[in-house]
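Just below is one structure, and these are the notes that go with it.
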Amino acid sequence: MKRQIFKKPQAERDLIEHFAFIARDKLKPAIRFLRVASDTFEKLAVMPNMGRAWMSSDPRLAGIRAYVMPSPFRNYLIFYRFTDSALEILTILHGARDLEAVLRAIEPRPTD
């Protein structure tokens, strides 16, 4: 079953920022980055357990999973949550960032 894909505003901003950074050197790899990201979102929508659970002592981060983007963008991680019907893309981060600090700043999960 394919879940509906929702990108949080932060994830949209991340995609634009990563695209712009990569495009400073060459446009084709930046375009490829967006295509690889989109293809990866589609795969996660079908098989969300491909990513690993993100372990954190912060209870607000419960249920977040991380998936490393395919080559040649393996330095980027997609952070997401999923339900039976939806995949929520929270953020896309470069692995050199302080991941825990950035994740703590994301919007809290709405109460069900």
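Numbering starts fresh at 1 for the residues of each chain in the structure tokens, the chains themselves are lettered A, B, ... in the order given, and ligands are numbered from 1 as they appear.
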For A:Ile22, please output as a ChimeraX atom specification all residues within 12 Å (counting only C-alpha atoms; exclusion window: fewer than 3 positions along the same chain). /A:15-19,25-34,73,94
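Backbone DSSP over stretch 12-72 of chain A gives strand (DSSP E or B) for Arg52, Ala53, Arg65, Ala66, Tyr67 and Val68 of chain A.
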Long-range neighbours of stretch 65-67 of chain A as a list in words, 6 Å cut-off, only C-alpha atoms, 3 positions minimum in chain: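 Result of the neighbour search: Gly51, Arg52, Ala53, Trp54, Leu77, Ile78, Phe79 and Tyr80 of chain A.
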I need the chosen residues saved as a PDB file, in the first residue's frame, with C-alpha atoms.
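Printed below is again.pdb as written:
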ATOM      1  CA  GLY A  51      14.563   3.559   7.423  1.00  0.00           C
ATOM      2  CA  ARG A  52      15.783   2.985  10.936  1.00  0.00           C
ATOM      3  CA  ALA A  53      14.114   4.237  14.085  1.00  0.00           C
ATOM      4  CA  TRP A  54      15.759   7.407  15.366  1.00  0.00           C
ATOM      5  CA  LEU A  77      19.335  11.821   5.640  1.00  0.00           C
ATOM      6  CA  ILE A  78      15.574  11.950   5.292  1.00  0.00           C
ATOM      7  CA  PHE A  79      13.710  12.146   8.601  1.00  0.00           C
ATOM      8  CA  TYR A  80      10.076  11.089   8.527  1.00  0.00           C
TER       9      TYR A  80
END
